[in-house]
>>> print(open('data-v3.cif').read())   # mmCIF, C-alpha atoms
data_model
loop_
_atom_site.label_atom_id
_atom_site.label_comp_id
_atom_site.auth_asym_id
_atom_site.auth_seq_id
_atom_site.Cartn_x
_atom_site.Cartn_y
_atom_site.Cartn_z
CA MET B 217 6.50 29.36 -7.11
CA ILE B 218 8.56 28.87 -3.94
CA VAL B 219 10.96 26.01 -4.40
CA LYS B 220 10.92 24.11 -1.14
CA THR B 221 12.83 20.87 -0.90
CA GLU B 222 12.23 17.60 0.89
CA GLU B 223 14.94 18.55 3.42
CA GLU B 224 12.41 20.94 4.90
CA ASN B 225 10.30 18.03 6.08
CA MET B 226 8.33 17.63 2.87
CA ILE B 227 7.33 14.22 1.54
CA VAL B 228 5.74 13.58 -1.85
CA SER B 229 3.80 10.37 -2.55
CA LEU B 230 2.62 9.11 -5.89
CA ASP B 231 -0.02 6.39 -6.11
CA VAL B 232 -0.20 5.27 -9.74
CA GLY B 233 -3.24 3.02 -9.88
CA THR B 234 -5.21 1.38 -12.66
CA SER B 235 -8.08 3.88 -12.46
CA LYS B 236 -6.50 7.01 -10.98
CA VAL B 237 -3.19 8.69 -10.20
CA THR B 238 -2.94 10.46 -6.84
CA ALA B 239 -0.10 12.77 -5.83
CA LEU B 240 0.07 14.00 -2.24
CA ILE B 241 2.48 16.45 -0.68
CA GLY B 242 2.83 16.10 3.07
CA GLU B 243 4.65 18.16 5.63
CA ILE B 244 6.04 16.73 8.88
CA MET B 245 5.00 19.15 11.60
CA PRO B 246 7.36 20.00 14.54
CA ASP B 247 5.29 17.66 16.78
CA GLY B 248 5.89 14.78 14.35
CA GLU B 249 2.33 14.79 12.95
CA LEU B 250 1.77 14.47 9.22
CA SER B 251 -0.11 17.28 7.49
CA VAL B 252 -1.28 16.96 3.86
CA ILE B 253 -0.76 20.31 2.09
CA GLY B 254 -1.20 19.36 -1.58
CA VAL B 255 -3.47 16.91 -3.43
CA GLY B 256 -3.56 16.11 -7.15
CA VAL B 257 -5.85 13.45 -8.62
CA THR B 258 -6.30 12.57 -12.29
CA ALA B 259 -7.82 9.67 -14.18
CA SER B 260 -5.14 7.08 -14.86
CA ARG B 261 -4.52 6.24 -18.49
CA GLY B 262 -2.09 3.67 -19.85
CA MET B 263 -2.27 1.35 -16.81
CA ASP B 264 -3.77 -2.14 -16.71
CA LYS B 265 -4.01 -4.39 -13.64
CA GLY B 266 -1.29 -2.41 -11.89
CA GLY B 267 1.15 -2.57 -14.84
CA VAL B 268 2.16 -0.02 -17.49
CA ASN B 269 0.78 -0.69 -20.98
CA ASP B 270 1.27 2.76 -22.55
CA LEU B 271 4.22 4.68 -21.15
CA ASN B 272 3.38 8.08 -22.70
CA LEU B 273 -0.17 8.10 -21.34
CA VAL B 274 1.06 7.16 -17.86
CA VAL B 275 3.64 9.97 -17.99
CA GLN B 276 0.90 12.49 -18.88
CA SER B 277 -1.35 11.27 -16.05
CA ILE B 278 1.50 11.50 -13.50
CA GLN B 279 2.51 14.96 -14.71
CA ARG B 280 -1.06 16.26 -14.33
CA ALA B 281 -1.47 14.88 -10.81
CA ILE B 282 1.94 16.22 -9.68
CA ASN B 283 1.28 19.68 -11.19
CA GLU B 284 -2.06 19.89 -9.38
CA ALA B 285 -0.52 18.92 -6.02
CA GLU B 286 2.43 21.33 -6.49
CA LEU B 287 0.06 24.17 -7.29
CA MET B 288 -2.00 23.53 -4.17
CA ALA B 289 1.03 23.13 -1.86
CA ASP B 290 2.95 25.97 -3.54
CA CYS B 291 6.17 23.98 -3.78
CA ARG B 292 8.11 21.83 -6.23
CA ALA B 293 8.38 18.07 -5.94
CA SER B 294 11.75 16.50 -6.69
CA THR B 295 11.64 13.00 -5.17
CA VAL B 296 8.63 10.74 -4.64
CA TYR B 297 7.61 7.62 -2.77
CA LEU B 298 5.98 5.40 -5.42
CA ASN B 299 3.70 2.37 -5.16
CA ILE B 300 3.83 -0.83 -7.19
CA SER B 301 1.28 -3.61 -7.63
CA GLY B 302 0.31 -6.32 -10.11
CA ARG B 303 0.13 -10.10 -10.31
CA HIS B 304 3.95 -10.27 -10.52
CA ILE B 305 4.29 -9.40 -6.79
CA GLY B 306 5.49 -12.41 -4.79
CA CYS B 307 6.42 -13.11 -1.17
CA GLN B 308 8.47 -15.61 0.81
CA ASN B 309 9.44 -16.12 4.46
CA GLU B 310 13.15 -16.82 5.03
CA ASN B 311 15.56 -17.43 7.93
CA GLY B 312 19.14 -16.28 8.53
CA MET B 313 21.61 -17.05 11.28
CA VAL B 314 24.81 -15.38 12.55
CA PRO B 315 27.10 -15.78 15.57
CA ILE B 316 26.90 -12.89 18.06
CA ASN B 317 30.31 -11.20 17.97
CA ASP B 318 30.26 -9.29 21.22
CA VAL B 319 28.91 -9.95 24.68
CA GLU B 320 25.55 -8.53 23.61
CA VAL B 321 23.62 -7.97 20.39
CA THR B 322 24.47 -4.71 18.58
CA GLN B 323 22.82 -2.92 15.67
CA GLU B 324 25.54 -4.40 13.39
CA ASP B 325 24.57 -7.95 14.44
CA VAL B 326 20.93 -7.21 13.61
CA GLU B 327 21.91 -5.85 10.20
CA SER B 328 24.12 -8.84 9.42
CA VAL B 329 21.50 -11.43 10.43
CA ILE B 330 18.87 -9.69 8.26
CA HIS B 331 21.42 -9.60 5.45
CA ALA B 332 21.97 -13.35 5.92
CA ALA B 333 18.22 -14.00 5.78
CA LYS B 334 17.73 -12.03 2.57
CA SER B 335 20.74 -13.59 0.82
CA VAL B 336 18.55 -16.32 -0.65
CA PRO B 337 18.88 -16.83 -4.39
CA ILE B 338 16.33 -14.63 -6.20
CA ALA B 339 15.56 -15.24 -9.89
CA GLN B 340 17.43 -12.87 -12.16
CA GLU B 341 14.28 -11.25 -13.53
CA ARG B 342 13.05 -10.38 -10.04
CA ARG B 343 14.08 -7.81 -7.46
CA ILE B 344 13.57 -7.52 -3.70
CA LEU B 345 11.17 -4.72 -2.73
CA HIS B 346 11.02 -5.19 1.05
CA VAL B 347 12.73 -7.26 3.72
CA LEU B 348 10.61 -7.07 6.87
CA PRO B 349 11.90 -8.70 10.07
CA GLN B 350 9.23 -10.85 11.76
CA GLU B 351 11.09 -12.06 14.85
CA PHE B 352 14.49 -12.96 16.20
CA VAL B 353 15.67 -16.07 18.04
CA ILE B 354 18.69 -15.88 20.36
CA ASP B 355 20.02 -19.37 21.24
CA SER B 356 16.76 -21.03 22.35
CA GLN B 357 14.74 -17.92 23.21
CA GLU B 358 12.11 -17.42 20.51
CA SER B 359 9.78 -14.60 19.41
CA ILE B 360 12.09 -11.70 20.28
CA LYS B 361 10.86 -8.44 18.78
CA SER B 362 13.91 -6.28 19.44
CA PRO B 363 17.15 -8.16 20.21
CA ILE B 364 19.54 -5.22 20.72
CA GLY B 365 21.33 -5.41 24.09
CA MET B 366 20.45 -9.07 24.73
CA SER B 367 23.14 -11.69 25.39
CA GLY B 368 23.70 -14.94 23.57
CA VAL B 369 25.92 -17.01 21.29
CA ARG B 370 24.00 -17.05 18.02
CA MET B 371 21.04 -15.19 16.60
CA GLU B 372 18.50 -16.16 14.00
CA ALA B 373 16.18 -13.81 12.12
CA ARG B 374 12.92 -14.65 10.39
CA VAL B 375 12.02 -12.20 7.64
CA HIS B 376 9.24 -11.64 5.15
CA ILE B 377 10.56 -10.81 1.67
CA ILE B 378 8.37 -9.12 -0.95
CA THR B 379 9.66 -9.33 -4.53
CA CYS B 380 8.50 -7.97 -7.88
CA ALA B 381 9.31 -8.41 -11.58
CA ASN B 382 12.27 -6.24 -12.49
CA ASP B 383 10.90 -5.03 -15.84
CA MET B 384 7.54 -4.03 -14.26
CA ALA B 385 9.40 -1.97 -11.66
CA LYS B 386 11.64 -0.40 -14.33
CA ASN B 387 8.65 0.68 -16.44
CA ILE B 388 6.78 2.42 -13.63
CA VAL B 389 9.98 4.11 -12.40
CA LYS B 390 10.77 5.21 -15.98
CA ALA B 391 7.34 6.88 -16.24
CA VAL B 392 8.03 8.88 -13.07
CA GLU B 393 11.57 9.82 -14.15
CA ARG B 394 10.22 11.13 -17.46
CA CYS B 395 8.37 13.73 -15.37
CA GLY B 396 11.69 14.96 -13.98
CA LEU B 397 11.19 13.23 -10.63
CA GLN B 398 13.38 10.82 -8.72
CA VAL B 399 11.95 7.73 -7.03
CA GLU B 400 13.05 7.66 -3.39
CA SER B 401 11.51 4.24 -2.67
CA LEU B 402 9.28 1.74 -4.44
CA ILE B 403 6.67 0.32 -2.06
CA PHE B 404 4.11 -2.49 -2.44
CA SER B 405 0.66 -0.82 -2.49
CA ALA B 406 -1.01 -2.84 0.29
CA LEU B 407 2.01 -2.45 2.57
CA ALA B 408 1.72 1.33 2.10
CA SER B 409 -2.05 1.19 2.77
CA SER B 410 -1.45 -0.79 5.97
CA HIS B 411 0.60 2.14 7.34
CA ALA B 412 -2.41 4.41 6.83
CA VAL B 413 -5.45 2.37 7.87
CA LEU B 414 -4.45 -0.30 10.42
CA THR B 415 -4.04 0.18 14.15
CA ASP B 416 -1.22 -1.51 16.12
CA ASP B 417 -3.82 -3.50 18.08
CA GLU B 418 -5.24 -4.96 14.87
CA LYS B 419 -1.78 -5.99 13.62
CA GLU B 420 -1.03 -7.58 17.00
CA LEU B 421 -4.31 -9.53 17.12
CA GLY B 422 -4.04 -10.55 13.46
CA VAL B 423 -5.76 -8.79 10.58
CA ALA B 424 -6.19 -9.03 6.81
CA LEU B 425 -5.84 -5.76 4.93
CA VAL B 426 -7.66 -5.98 1.59
CA ASP B 427 -7.02 -2.99 -0.69
CA MET B 428 -9.61 -3.11 -3.49
CA GLY B 429 -8.61 -0.90 -6.39
CA GLY B 430 -9.69 -0.66 -10.01
CA GLY B 431 -7.34 -3.26 -11.50
CA THR B 432 -6.03 -5.28 -8.56
CA ILE B 433 -6.92 -6.39 -5.05
CA ASP B 434 -3.79 -6.16 -2.87
CA ILE B 435 -3.66 -8.19 0.33
CA CYS B 436 -1.45 -8.01 3.45
CA LEU B 437 -1.92 -10.42 6.36
CA PHE B 438 -0.55 -9.44 9.76
CA ALA B 439 -0.29 -11.59 12.90
CA GLY B 440 1.64 -10.95 16.10
CA GLY B 441 2.30 -7.38 14.98
CA VAL B 442 4.25 -8.30 11.83
CA LEU B 443 3.58 -9.00 8.16
CA ARG B 444 3.17 -12.72 7.41
CA HIS B 445 1.80 -12.91 3.87
CA THR B 446 1.24 -10.69 0.82
CA ALA B 447 -0.66 -11.32 -2.40
CA VAL B 448 -2.20 -9.60 -5.41
CA ILE B 449 -5.39 -10.70 -7.17
CA PRO B 450 -5.50 -9.22 -10.70
CA VAL B 451 -9.28 -8.61 -10.82
CA ALA B 452 -11.11 -5.79 -9.05
CA GLY B 453 -13.50 -2.86 -9.49
CA ASN B 454 -13.06 -2.51 -13.25
CA GLN B 455 -14.65 -5.94 -13.73
CA VAL B 456 -17.81 -4.59 -12.08
CA THR B 457 -17.78 -1.57 -14.42
CA ASN B 458 -17.32 -3.84 -17.47
CA ASP B 459 -20.26 -6.02 -16.39
CA ILE B 460 -22.50 -2.95 -16.06
CA ALA B 461 -21.36 -1.61 -19.44
CA LYS B 462 -22.06 -4.92 -21.23
CA ILE B 463 -25.36 -5.81 -19.62
CA PHE B 464 -26.83 -2.29 -19.73
CA ARG B 465 -25.21 -1.55 -23.13
CA THR B 466 -23.82 1.76 -21.96
CA PRO B 467 -20.32 3.29 -22.53
CA LEU B 468 -17.63 2.50 -19.90
CA GLY B 469 -17.50 6.11 -18.63
CA HIS B 470 -21.25 6.08 -17.95
CA ALA B 471 -21.04 2.57 -16.46
CA GLU B 472 -18.42 3.83 -13.97
CA ASP B 473 -20.69 6.77 -13.00
CA ILE B 474 -23.69 4.48 -12.55
CA LYS B 475 -21.59 2.12 -10.41
CA VAL B 476 -20.33 4.92 -8.16
CA GLN B 477 -23.71 6.65 -7.77
CA TYR B 478 -26.30 3.88 -7.70
CA ALA B 479 -24.79 0.42 -7.38
CA CYS B 480 -25.17 -1.75 -4.30
CA ALA B 481 -23.29 -4.99 -3.61
CA LEU B 482 -26.29 -6.70 -1.93
CA ARG B 483 -29.57 -6.86 -3.83
CA GLN B 484 -31.65 -7.29 -0.64
CA MET B 485 -30.64 -3.76 0.43
CA VAL B 486 -32.26 -2.18 -2.65
CA SER B 487 -35.97 -1.41 -2.98
CA MET B 488 -37.74 -2.74 -6.09
CA GLU B 489 -39.19 0.72 -6.74
CA ASP B 490 -35.89 2.65 -7.14
CA THR B 491 -35.13 3.55 -10.75
CA ILE B 492 -32.11 5.04 -12.55
CA GLU B 493 -31.55 6.59 -15.95
CA VAL B 494 -29.03 4.74 -18.14
CA PRO B 495 -27.40 6.61 -21.07
CA SER B 496 -27.32 4.59 -24.31
CA VAL B 497 -24.65 4.33 -27.00
CA GLY B 498 -24.69 5.79 -30.51
CA GLY B 499 -26.97 8.76 -29.76
CA ARG B 500 -29.96 6.57 -28.80
CA PRO B 501 -32.24 7.97 -26.07
CA SER B 502 -31.56 7.07 -22.41
CA ARG B 503 -33.52 4.26 -20.78
CA VAL B 504 -34.99 3.94 -17.31
CA MET B 505 -33.88 0.85 -15.38
CA SER B 506 -34.58 -0.55 -11.93
CA ARG B 507 -31.82 -0.11 -9.36
CA HIS B 508 -32.58 -3.64 -8.19
CA THR B 509 -31.60 -4.99 -11.62
CA LEU B 510 -28.28 -3.15 -11.26
CA ALA B 511 -27.67 -4.79 -7.86
CA GLU B 512 -28.41 -8.19 -9.47
CA VAL B 513 -25.54 -7.54 -11.90
CA VAL B 514 -23.11 -6.24 -9.26
CA GLU B 515 -23.73 -8.79 -6.49
CA PRO B 516 -22.35 -11.93 -8.23
CA ARG B 517 -19.17 -10.05 -9.22
CA TYR B 518 -18.57 -8.84 -5.65
CA GLN B 519 -19.24 -12.37 -4.42
CA GLU B 520 -16.57 -13.65 -6.81
CA LEU B 521 -14.06 -10.97 -5.68
CA PHE B 522 -14.65 -11.70 -1.98
CA GLU B 523 -14.39 -15.46 -2.57
CA LEU B 524 -11.03 -14.98 -4.33
CA VAL B 525 -9.82 -13.02 -1.29
CA ARG B 526 -11.17 -15.68 1.10
CA ASP B 527 -9.38 -18.44 -0.87
CA GLU B 528 -6.12 -16.47 -0.72
CA ILE B 529 -6.43 -16.06 3.07
CA GLU B 530 -7.13 -19.78 3.48
CA LYS B 531 -4.25 -20.70 1.16
CA SER B 532 -1.86 -18.68 3.35
CA GLY B 533 -2.77 -20.89 6.34
CA LEU B 534 -3.26 -17.79 8.50
CA ASP B 535 -7.08 -17.80 8.55
CA GLU B 536 -7.08 -18.97 12.22
CA GLN B 537 -4.69 -16.17 13.23
CA ILE B 538 -6.60 -13.09 12.06
CA ALA B 539 -8.73 -12.46 15.13
CA ALA B 540 -9.31 -8.78 14.32
CA GLY B 541 -10.96 -9.78 11.02
CA VAL B 542 -10.71 -7.99 7.70
CA VAL B 543 -10.18 -4.30 6.91
CA LEU B 544 -11.38 -3.33 3.43
CA THR B 545 -9.94 -0.20 1.84
CA GLY B 546 -9.47 1.28 -1.65
CA GLY B 547 -12.14 2.80 -3.90
CA THR B 548 -13.94 -0.47 -4.71
CA SER B 549 -14.54 -1.18 -1.00
CA LYS B 550 -16.77 1.91 -0.66
CA MET B 551 -19.81 0.53 -2.44
CA GLU B 552 -23.01 0.37 -0.40
CA GLY B 553 -23.51 -3.14 0.97
CA ALA B 554 -19.88 -4.21 0.42
CA ILE B 555 -19.02 -4.46 4.14
CA GLU B 556 -22.20 -6.41 4.99
CA PHE B 557 -21.63 -8.76 2.05
CA ALA B 558 -17.95 -9.27 2.97
CA GLU B 559 -18.94 -10.28 6.52
CA GLU B 560 -21.28 -12.92 5.04
CA VAL B 561 -18.54 -14.33 2.79
CA PHE B 562 -15.61 -14.15 5.25
CA GLN B 563 -17.61 -15.13 8.33
CA MET B 564 -15.59 -12.67 10.42
CA PRO B 565 -15.78 -8.98 11.39
CA VAL B 566 -15.12 -6.53 8.52
CA ARG B 567 -14.62 -2.77 8.70
CA LEU B 568 -14.08 -0.08 6.09
CA GLY B 569 -10.64 1.49 6.51
CA GLY B 570 -9.80 5.09 5.69
CA PRO B 571 -6.50 6.84 6.50
CA LEU B 572 -6.12 7.48 10.26
CA ARG B 573 -4.47 10.39 12.10
CA VAL B 574 -4.01 12.74 9.14
CA LYS B 575 -3.91 16.52 9.50
CA GLY B 576 -4.25 19.22 6.85
CA LEU B 577 -6.53 18.60 3.86
CA THR B 578 -8.51 15.89 5.64
CA ASP B 579 -11.71 16.56 3.65
CA TYR B 580 -9.83 15.28 0.64
CA VAL B 581 -7.79 12.42 2.00
CA SER B 582 -9.76 10.65 4.72
CA GLU B 583 -11.57 8.38 2.21
CA PRO B 584 -10.55 4.73 1.57
CA GLU B 585 -9.34 5.49 -1.98
CA TYR B 586 -6.52 7.58 -0.48
CA ALA B 587 -5.23 4.76 1.74
CA THR B 588 -2.23 3.95 -0.47
CA SER B 589 -1.16 7.54 -1.11
CA VAL B 590 -1.41 8.52 2.59
CA GLY B 591 0.38 5.26 3.49
CA LEU B 592 3.23 6.18 1.13
CA LEU B 593 3.62 9.49 3.01
CA ARG B 594 3.73 7.57 6.31
CA PHE B 595 6.31 5.20 4.85
CA GLY B 596 8.42 8.21 3.83
CA GLN B 597 8.05 9.69 7.32
CA LEU B 598 9.32 6.45 8.92
CA GLU B 599 12.20 6.25 6.45
CA LEU B 600 13.27 9.85 7.18
CA ALA B 601 13.15 9.14 10.93
CA GLU B 602 15.26 6.00 10.39
CA GLN B 603 17.84 7.96 8.36
CA ALA B 604 18.05 10.64 11.07
CA LYS B 605 18.64 7.88 13.68
CA GLU B 606 21.33 6.34 11.48
CA ARG B 607 23.11 9.70 11.15
CA SER B 608 23.10 10.33 14.90
CA ARG B 609 24.38 6.77 15.52
CA HIS B 610 27.18 7.41 13.05
CA GLN B 611 28.11 10.70 14.74
CA GLN B 612 28.06 9.07 18.19
CA SER B 613 30.39 6.28 17.09
CA ARG B 614 32.78 8.84 15.59
CA VAL B 615 32.79 10.77 18.89
CA TRP B 616 33.53 7.50 20.74
CA GLN B 617 36.41 6.71 18.38
CA ARG B 618 37.83 10.17 19.10
CA ILE B 619 37.52 9.77 22.87
CA LYS B 620 39.12 6.31 22.74
CA SER B 621 42.03 7.52 20.62
CA TRP B 622 42.41 10.53 22.92
CA PHE B 623 42.73 8.20 25.92
CA ARG B 624 45.32 6.16 24.03
CA GLY B 625 47.26 9.37 23.55
CA GLU B 626 46.66 9.42 19.78
CA PHE B 627 45.76 13.09 19.67
#
>>> encode(input="data-v3.cif", output="structure tokens")
Amino acid sequence: MIVKTEEENMIVSLDVGTSKVTALIGEIMPDGELSVIGVGVTASRGMDKGGVNDLNLVVQSIQRAINEAELMADCRASTVYLNISGRHIGCQNENGMVPINDVEVTQEDVESVIHAAKSVPIAQERRILHVLPQEFVIDSQESIKSPIGMSGVRMEARVHIITCANDMAKNIVKAVERCGLQVESLIFSALASSHAVLTDDEKELGVALVDMGGGTIDICLFAGGVLRHTAVIPVAGNQVTNDIAKIFRTPLGHAEDIKVQYACALRQMVSMEDTIEVPSVGGRPSRVMSRHTLAEVVEPRYQELFELVRDEIEKSGLDEQIAAGVVLTGGTSKMEGAIEFAEEVFQMPVRLGGPLRVKGLTDYVSEPEYATSVGLLRFGQLELAEQAKERSRHQQSRVWQRIKSWFRGEF
């Protein structure tokens, strides 16, 4: 086993979901493209609605996925970018204001105004996950995207803050650390997915990203190129599986298989003649059922899920601003008929979103269920680029200090 480290442009992402754990190892190519070189996927055990309910089982699932990815990429993972979801995720939009110290806005001014905006009191049991600048205002000029170099007296920043429950974050991080890994960053699942599946045009026009997983539906609403609202709905694909298991009296594992292979979210798309074989419980013989009956079970549940999403979009007050419509991603969005049904419910354009612009093992990772894990890699890539910029800024300022002191004769 060659031990490569993250310094050599390697990024490891870990998507710990309710139904599966995905580990990806990505390499940043010399041209800046992202290439996936290792994939590990295992069934997730010990997770419920995005939260940990059995630490040991989660640790085992993570270890398996990481081992598989390491084996494929032929390298060792040491730090990971990890996702977090669950009904405890909250968001708020805040403002901060600072005077501009110099003649024009510097990087320090931007940092201090963002710091002012995020210095709102946060409940003790919560922690800030992300502080995302939306826009800046200098004196009376509004909607400034990048204020550096502009002149003015005072600057205001509007930011979107995503928070989570501290104990939920601690538990998921603990599970990863038990596998001998360090968590580089903790990222809200739908924010990660948005890095993988949305285009800049969609974010600019206004778009709702709806990441439908097994235990939660994670939502991010963008308008004017920035994030405006985030939410988590704690029901998703597992509800559909449970319905199939109960109504067809078949074990959950078989119900999941039936859902993936034969289910359709719109009954009118299924012929009355199609039949499927349903395994029974307790050693009883299998039964033959109509596929149309299956669609009759699945359709009302999908309708309920889509209506919950629609209500959340309306509640945010941004429903008029999402001109590009809705992008569905995540494993539960892949069902036949889901896109057509979503367009009926949302009354706006809907597309299925898979990860964009990925190189390497694309056969594996271009499906919607990999949106979060590819997005985590992208997030890591942006963070590494930001750190490199920060280092070069730091070096430049040190050089300037030297030159200044040299001119003052302080050599």
>>> resolve_selection(input="data-v3.cif", expression="the PyMOL selection byres ((chain B and resi 409) around 12)", output="number ranges by chain")
B: 231, 299-301, 403-408, 410-415, 424-429, 433-436, 543-546, 569-572, 583-595
>>> resolve_selection(input="data-v3.cif", expression="the PyMOL selection byres ((chain B and resi 600) around 12)", output="short mmCIF file (atom, residue, chain, number, x, y, z; two decimals) with C-alpha atoms, keeping the file's coordinate frame")
data_model
loop_
_atom_site.label_atom_id
_atom_site.label_comp_id
_atom_site.auth_asym_id
_atom_site.auth_seq_id
_atom_site.Cartn_x
_atom_site.Cartn_y
_atom_site.Cartn_z
CA GLU B 222 12.23 17.60 0.89
CA GLU B 223 14.94 18.55 3.42
CA GLU B 224 12.41 20.94 4.90
CA ASN B 225 10.30 18.03 6.08
CA MET B 226 8.33 17.63 2.87
CA ILE B 227 7.33 14.22 1.54
CA ILE B 244 6.04 16.73 8.88
CA GLY B 248 5.89 14.78 14.35
CA TYR B 297 7.61 7.62 -2.77
CA GLU B 400 13.05 7.66 -3.39
CA SER B 401 11.51 4.24 -2.67
CA LEU B 593 3.62 9.49 3.01
CA ARG B 594 3.73 7.57 6.31
CA PHE B 595 6.31 5.20 4.85
CA GLY B 596 8.42 8.21 3.83
CA GLN B 597 8.05 9.69 7.32
CA LEU B 598 9.32 6.45 8.92
CA GLU B 599 12.20 6.25 6.45
CA ALA B 601 13.15 9.14 10.93
CA GLU B 602 15.26 6.00 10.39
CA GLN B 603 17.84 7.96 8.36
CA ALA B 604 18.05 10.64 11.07
CA LYS B 605 18.64 7.88 13.68
CA GLU B 606 21.33 6.34 11.48
CA ARG B 607 23.11 9.70 11.15
#
>>> atom_distance(input="data-v3.cif", atom1="atom CA of Ala439 of chain B", atom2="atom CA of Lys361 of chain B")
13.0 Å
>>> resolve_selection(input="data-v3.cif", expression="the PyMOL selection byres ((chain B and resi 274-290) around 7)", output="number ranges by chain")
B: 217-218, 237-241, 253-263, 270-273, 291-293, 391-392, 394-395
>>> closest_residue(input="data-v3.cif", among="B:Val513, B:Val423, B:Asp325, B:Gln308", to="Glu536 of chain B", atoms="all atoms listed in the file")
B:Val423
>>> atom_distance(input="data-v3.cif", atom1="atom CA of Val268 of chain B", atom2="atom CA of Glu472 of chain B")
21.2 Å
>>> residues_around(input="data-v3.cif", residues="Val525 of chain B", least_positions_apart="3", cutoff="9 Å", atoms="all atoms listed in the file", output="list in words")
Val426, Ile433, Ile435, Ile449, Glu520, Leu521, Phe522, Glu528, Ile529, Glu530 and Phe562 of chain B
